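First the structure, in the form of structure tokens, and then the observations on it.
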Amino acid sequence: MDIRSMRYVLTTMKAGSFTKAARQMYLSPQALGKSIRAIEDEYGAPLFERDTRTLTPTPFGRAFAREAEKCVADFDSACIRIEGYAQQANGRIVMACAYSMPNALGYKSPADLQARLKAKTGMDVEITFDELPDLLAEQVLDDEGCEIALLNGAPAHEEAYDLVLLRKEKVTAVVRQDHPLAQKKTVRVEDVAPYSVATFNQYYRLFHLLEQAAQARHLKIRYAAATPDGTVWVEKVNGGAVGICVNFLDQTVGESGWVSLPFEEEEMTVAIYLARHKHTAGNKYLQALWDTVIADAKEESPCLLP
């Protein structure tokens, strides 16, 4: 028995018939049936009840499926990791980036970072940015779908990673110049609570920072929008809502006639982390990229890095 045979059984159980399963796997029903009988002969137990109109797994079949699902998932994960190691060995690196993190460090594109890396180390490295909502970027790193990541906030399983804090930024409230809050220099969560708020959705740390700060003060936030759509965010701020943002996202504030007000609360702060799995530390291309990003961040924010 092998992984392919396990896939045959799992697909057949999900399809509920040999004919449907064979069609999905581009096999003839006869070839599929022969493969499944070979497994049954190997273990001396039937996988399916064959004396009914419907294809029903036996108790052995259900137990087989539980173990097979784990084996197939582990095999697929191993294949992804091995492909990643091969990419690294050939100087090709995928960097998962929480939304806007590359811009926060001054990287306009992967080519920009590649050029900086070559200038510092002489290495030619092909870099791909996989820019995602904050929590999804962390999930990609956790699933080893990337070799290195720029994250908004430390990952949940910190012990599994090498981590460097690159930069901290205050969360800000952005309002029109005629908004009642526009005369302030800074704001607190209780200042914002009476107004409608525009922010990103629950896949972003900004949403959770605001919610947690409000709940700690027994406040309720009213959302005009909670969406990753920047166009909607702009429309809501122009319509009088309080936009929740971060300093490094405020490039258009002055041009748009908005006012940007930092939050006073310490917890209303985002932290940009560089992260990699500990077991990838020996790759020379990854190490060169790691050192380059840290050096660039040190030039931008020397107070945070030794």
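By order of appearance in the structure tokens: chains A, B, ..., then residues from 1 within every chain, and ligands from 1 in the order shown.
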Using DSSP on the backbone, list every residue of range 42-188 of chain A that comes out as helix (DSSP H, G or I), and give them as number ranges by chain. A: 42-43, 59-89, 101-104, 110-121, 134-142, 158-160, 180-183
Range 146-215 of chain A residues near range 226-247 of chain A within 12 Å, closest pair each, using only C-alpha atoms, as CSV:
residue,atom,partner,partner_atom,distance
A:Asn152,CA,A:Val246,CA,11.2
A:Arg167,CA,A:Asn247,CA,11.6
A:Lys168,CA,A:Asn247,CA,9.7
A:Glu169,CA,A:Asn247,CA,6.2
A:Lys170,CA,A:Val246,CA,6.2
A:Val171,CA,A:Val246,CA,4.5
A:Thr172,CA,A:Cys245,CA,5.2
A:Ala173,CA,A:Ile244,CA,4.9
A:Val174,CA,A:Gly243,CA,4.8
A:Val175,CA,A:Val242,CA,5.3
A:Arg176,CA,A:Asn238,CA,6.6
A:Gln177,CA,A:Gly240,CA,9.8
A:Asp178,CA,A:Gly240,CA,8.8
A:His179,CA,A:Gly240,CA,6.9
A:Pro180,CA,A:Gly240,CA,9.8
A:Leu181,CA,A:Val242,CA,8.9
A:Ala182,CA,A:Val242,CA,10.2
A:Val187,CA,A:Val242,CA,11.2
A:Val189,CA,A:Ile244,CA,10.9
A:Asp191,CA,A:Val242,CA,10.4
A:Val192,CA,A:Val242,CA,7.2
A:Ala193,CA,A:Val242,CA,9.5
A:Pro194,CA,A:Val242,CA,10.0
A:Tyr195,CA,A:Ala241,CA,6.7
A:Ser196,CA,A:Ala241,CA,5.1
A:Val197,CA,A:Val242,CA,4.7
A:Ala198,CA,A:Gly243,CA,4.7
A:Thr199,CA,A:Ala226,CA,4.9
A:Phe200,CA,A:Thr227,CA,4.5
A:Asn201,CA,A:Ala226,CA,4.6
A:Gln202,CA,A:Ala226,CA,7.8
A:Tyr203,CA,A:Pro228,CA,8.8
A:Tyr204,CA,A:Pro228,CA,8.5
A:Arg205,CA,A:Cys245,CA,10.9
A:Leu206,CA,A:Ile244,CA,7.5
A:Phe207,CA,A:Ala226,CA,7.8
A:His208,CA,A:Ala226,CA,11.2
A:Leu209,CA,A:Ile244,CA,10.4
A:Leu210,CA,A:Ile244,CA,8.6
A:Glu211,CA,A:Ile244,CA,11.6
Determine which residues of range 45-185 of chain A receive a DSSP assignment of strand (DSSP E), computed from the backbone, and state them as number ranges by chain. A: 48-49, 56-57, 92-98, 126-132, 148-152, 161-176
For the selection just defined, write its residues with N, CA and C atoms to a file, as a CSV table (one decimal), in the first residue's frame.
chain,number,residue,atom,x,y,z
A,48,PHE,N,-15.4,-1.7,2.4
A,48,PHE,CA,-16.8,-1.3,2.1
A,48,PHE,C,-17.7,-2.5,2.2
A,49,GLU,N,-18.9,-2.2,2.5
A,49,GLU,CA,-20.0,-3.2,2.4
A,49,GLU,C,-20.4,-3.3,1.0
A,56,THR,N,-21.0,1.7,1.5
A,56,THR,CA,-20.9,2.0,2.9
A,56,THR,C,-19.6,1.5,3.5
A,57,PRO,N,-18.8,2.4,4.1
A,57,PRO,CA,-17.6,1.9,4.7
A,57,PRO,C,-17.8,0.9,5.9
A,92,ARG,N,15.8,30.9,-4.2
A,92,ARG,CA,14.4,31.4,-4.5
A,92,ARG,C,13.7,31.3,-3.1
A,93,ILE,N,13.2,32.4,-2.7
A,93,ILE,CA,12.7,32.5,-1.3
A,93,ILE,C,11.3,33.2,-1.4
A,94,VAL,N,10.3,32.6,-0.7
A,94,VAL,CA,9.0,33.2,-0.5
A,94,VAL,C,8.9,33.8,0.8
A,95,MET,N,8.6,35.1,0.8
A,95,MET,CA,8.4,35.9,2.1
A,95,MET,C,7.0,36.2,2.3
A,96,ALA,N,6.4,35.6,3.3
A,96,ALA,CA,5.0,36.0,3.7
A,96,ALA,C,5.0,37.4,4.4
A,97,CYS,N,4.2,38.3,3.9
A,97,CYS,CA,4.2,39.6,4.5
A,97,CYS,C,2.8,40.0,4.9
A,98,ALA,N,2.7,40.4,6.2
A,98,ALA,CA,1.4,41.0,6.6
A,98,ALA,C,1.2,42.3,5.8
A,126,GLU,N,16.1,35.3,-5.7
A,126,GLU,CA,14.8,35.6,-6.3
A,126,GLU,C,13.8,35.6,-5.1
A,127,ILE,N,13.2,36.7,-4.9
A,127,ILE,CA,12.3,36.9,-3.7
A,127,ILE,C,10.9,37.1,-4.2
A,128,THR,N,9.9,36.4,-3.6
A,128,THR,CA,8.5,36.6,-3.9
A,128,THR,C,7.8,37.1,-2.6
A,129,PHE,N,7.1,38.2,-2.7
A,129,PHE,CA,6.2,38.6,-1.6
A,129,PHE,C,4.9,38.0,-1.7
A,130,ASP,N,4.4,37.3,-0.6
A,130,ASP,CA,3.1,36.8,-0.5
A,130,ASP,C,2.4,37.7,0.5
A,131,GLU,N,1.8,38.8,0.1
A,131,GLU,CA,1.2,39.8,1.0
A,131,GLU,C,-0.2,39.4,1.3
A,132,LEU,N,-0.5,39.3,2.6
A,132,LEU,CA,-1.7,38.7,3.2
A,132,LEU,C,-2.2,39.5,4.4
A,148,ILE,N,10.3,32.8,5.3
A,148,ILE,CA,10.6,33.9,6.1
A,148,ILE,C,9.4,34.8,6.1
A,149,ALA,N,9.2,35.6,7.1
A,149,ALA,CA,7.9,36.4,7.1
A,149,ALA,C,8.2,37.8,7.8
A,150,LEU,N,7.4,38.8,7.3
A,150,LEU,CA,7.3,40.0,8.0
A,150,LEU,C,5.9,40.1,8.6
A,151,LEU,N,5.8,40.1,9.9
A,151,LEU,CA,4.6,39.9,10.6
A,151,LEU,C,4.2,41.2,11.4
A,152,ASN,N,2.9,41.4,11.5
A,152,ASN,CA,2.4,42.5,12.4
A,152,ASN,C,2.0,41.8,13.7
A,161,TYR,N,10.3,29.8,16.4
A,161,TYR,CA,10.8,30.7,15.4
A,161,TYR,C,12.0,31.5,16.0
A,162,ASP,N,12.9,32.0,15.0
A,162,ASP,CA,13.8,33.0,15.3
A,162,ASP,C,13.0,34.3,15.1
A,163,LEU,N,13.0,35.3,16.0
A,163,LEU,CA,12.2,36.5,15.9
A,163,LEU,C,13.1,37.7,16.2
A,164,VAL,N,12.9,38.7,15.4
A,164,VAL,CA,13.5,40.0,15.6
A,164,VAL,C,12.5,41.1,15.5
A,165,LEU,N,12.4,41.9,16.5
A,165,LEU,CA,11.5,43.1,16.5
A,165,LEU,C,12.1,44.2,15.7
A,166,LEU,N,11.5,44.6,14.6
A,166,LEU,CA,12.1,45.5,13.7
A,166,LEU,C,11.7,47.0,13.9
A,167,ARG,N,10.4,47.1,14.3
A,167,ARG,CA,9.9,48.5,14.4
A,167,ARG,C,8.6,48.4,15.2
A,168,LYS,N,8.3,49.5,15.9
A,168,LYS,CA,7.0,49.7,16.5
A,168,LYS,C,6.4,51.0,16.0
A,169,GLU,N,5.0,51.0,15.8
A,169,GLU,CA,4.3,52.2,15.4
A,169,GLU,C,3.0,52.3,16.2
A,170,LYS,N,2.7,53.5,16.4
A,170,LYS,CA,1.4,53.8,17.1
A,170,LYS,C,0.2,53.7,16.2
A,171,VAL,N,-0.9,53.1,16.7
A,171,VAL,CA,-2.1,53.1,15.9
A,171,VAL,C,-2.7,54.6,16.0
A,172,THR,N,-3.2,55.0,14.9
A,172,THR,CA,-3.7,56.4,14.8
A,172,THR,C,-5.2,56.4,14.4
A,173,ALA,N,-5.8,57.5,14.8
A,173,ALA,CA,-7.2,57.8,14.3
A,173,ALA,C,-7.1,58.9,13.3
A,174,VAL,N,-7.7,58.6,12.1
A,174,VAL,CA,-7.7,59.6,11.0
A,174,VAL,C,-9.0,60.2,10.8
A,175,VAL,N,-9.1,61.5,10.8
A,175,VAL,CA,-10.4,62.2,10.6
A,175,VAL,C,-10.3,63.4,9.7
A,176,ARG,N,-11.4,63.8,9.2
A,176,ARG,CA,-11.4,65.0,8.4
A,176,ARG,C,-11.1,66.2,9.3
Using only C-alpha atoms for the distances, tell me which of A:Met123, A:Glu42, A:Ala154, A:Lys34 is nearest to Gln287 in chain A. A:Met123
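Within 7 Å of range 58-69 of chain A, once only C-alpha atoms are used and residues closer than 4 positions along the same chain are dropped, the contacting residues are Met6, Leu10, Pro46, Leu47, Phe48, Glu49 and Ala73 of chain A.
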For the residues in the current selection, export all heavy atoms as a PDB file, in the first residue's frame.
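What follows is the written file selection-v5.pdb:
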ATOM      1  N   MET A   6      -4.046   5.157  -0.659  1.00  0.00           N
ATOM      2  CA  MET A   6      -4.815   5.843   0.388  1.00  0.00           C
ATOM      3  C   MET A   6      -5.720   6.911  -0.218  1.00  0.00           C
ATOM      4  O   MET A   6      -6.883   7.062   0.170  1.00  0.00           O
ATOM      5  CB  MET A   6      -3.876   6.483   1.402  1.00  0.00           C
ATOM      6  CG  MET A   6      -3.120   5.485   2.264  1.00  0.00           C
ATOM      7  SD  MET A   6      -2.075   6.357   3.472  1.00  0.00           S
ATOM      8  CE  MET A   6      -1.283   4.961   4.271  1.00  0.00           C
ATOM      9  N   LEU A  10      -9.856   7.235   0.122  1.00  0.00           N
ATOM     10  CA  LEU A  10     -10.469   8.454   0.664  1.00  0.00           C
ATOM     11  C   LEU A  10     -11.400   9.109  -0.352  1.00  0.00           C
ATOM     12  O   LEU A  10     -12.502   9.554  -0.012  1.00  0.00           O
ATOM     13  CB  LEU A  10      -9.387   9.442   1.101  1.00  0.00           C
ATOM     14  CG  LEU A  10      -8.528   9.007   2.290  1.00  0.00           C
ATOM     15  CD1 LEU A  10      -7.394  10.002   2.530  1.00  0.00           C
ATOM     16  CD2 LEU A  10      -9.368   8.859   3.558  1.00  0.00           C
ATOM     17  N   PRO A  46     -12.470  -6.170   4.641  1.00  0.00           N
ATOM     18  CA  PRO A  46     -13.116  -5.320   3.626  1.00  0.00           C
ATOM     19  C   PRO A  46     -13.175  -3.865   4.074  1.00  0.00           C
ATOM     20  O   PRO A  46     -13.359  -3.557   5.256  1.00  0.00           O
ATOM     21  CB  PRO A  46     -14.525  -5.911   3.511  1.00  0.00           C
ATOM     22  CG  PRO A  46     -14.784  -6.515   4.852  1.00  0.00           C
ATOM     23  CD  PRO A  46     -13.456  -7.013   5.347  1.00  0.00           C
ATOM     24  N   LEU A  47     -13.034  -2.949   3.101  1.00  0.00           N
ATOM     25  CA  LEU A  47     -13.152  -1.519   3.357  1.00  0.00           C
ATOM     26  C   LEU A  47     -14.590  -1.028   3.211  1.00  0.00           C
ATOM     27  O   LEU A  47     -14.986  -0.044   3.846  1.00  0.00           O
ATOM     28  CB  LEU A  47     -12.259  -0.731   2.395  1.00  0.00           C
ATOM     29  CG  LEU A  47     -10.747  -0.888   2.605  1.00  0.00           C
ATOM     30  CD1 LEU A  47      -9.991  -0.422   1.373  1.00  0.00           C
ATOM     31  CD2 LEU A  47     -10.306  -0.090   3.834  1.00  0.00           C
ATOM     32  N   PHE A  48     -15.378  -1.736   2.366  1.00  0.00           N
ATOM     33  CA  PHE A  48     -16.750  -1.321   2.065  1.00  0.00           C
ATOM     34  C   PHE A  48     -17.695  -2.512   2.155  1.00  0.00           C
ATOM     35  O   PHE A  48     -17.296  -3.653   1.880  1.00  0.00           O
ATOM     36  CB  PHE A  48     -16.840  -0.718   0.656  1.00  0.00           C
ATOM     37  CG  PHE A  48     -15.984   0.507   0.447  1.00  0.00           C
ATOM     38  CD1 PHE A  48     -14.734   0.405  -0.148  1.00  0.00           C
ATOM     39  CD2 PHE A  48     -16.432   1.756   0.850  1.00  0.00           C
ATOM     40  CE1 PHE A  48     -13.948   1.515  -0.342  1.00  0.00           C
ATOM     41  CE2 PHE A  48     -15.644   2.885   0.660  1.00  0.00           C
ATOM     42  CZ  PHE A  48     -14.397   2.766   0.059  1.00  0.00           C
ATOM     43  N   GLU A  49     -18.944  -2.212   2.538  1.00  0.00           N
ATOM     44  CA  GLU A  49     -20.012  -3.212   2.446  1.00  0.00           C
ATOM     45  C   GLU A  49     -20.444  -3.296   0.989  1.00  0.00           C
ATOM     46  O   GLU A  49     -20.766  -2.280   0.383  1.00  0.00           O
ATOM     47  CB  GLU A  49     -21.212  -2.795   3.318  1.00  0.00           C
ATOM     48  CG  GLU A  49     -20.907  -2.636   4.799  1.00  0.00           C
ATOM     49  CD  GLU A  49     -20.732  -3.975   5.511  1.00  0.00           C
ATOM     50  OE1 GLU A  49     -20.915  -5.023   4.862  1.00  0.00           O
ATOM     51  OE2 GLU A  49     -20.395  -3.953   6.706  1.00  0.00           O
ATOM     52  N   ALA A  73      -2.207  13.938   4.724  1.00  0.00           N
ATOM     53  CA  ALA A  73      -1.955  15.330   5.107  1.00  0.00           C
ATOM     54  C   ALA A  73      -0.488  15.538   5.461  1.00  0.00           C
ATOM     55  O   ALA A  73       0.134  16.533   5.054  1.00  0.00           O
ATOM     56  CB  ALA A  73      -2.844  15.715   6.285  1.00  0.00           C
TER      57      ALA A  73
END
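Here CA of Cys146 in chain A and CA of Ser100 in chain A stand 17.3 Å from one another.
Counting only C-alpha atoms, the residue from A:Arg50, A:Leu113, A:Leu261, A:Ile3 that sits nearest to Phe18 in chain A is A:Arg50.
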Within 12 Å of Arg37 in chain A, counting only C-alpha atoms, which residues show up once you throw out same-chain ones fewer than 4 positions away? Write them as a list in words, please. Met1, Ser5, Tyr8, Val9, Gln30, Ala31, Leu32, Gly33, Asp41, Glu42, Tyr43, Gly44, Ala45, Pro46, Leu47, Phe48 and Arg50 of chain A
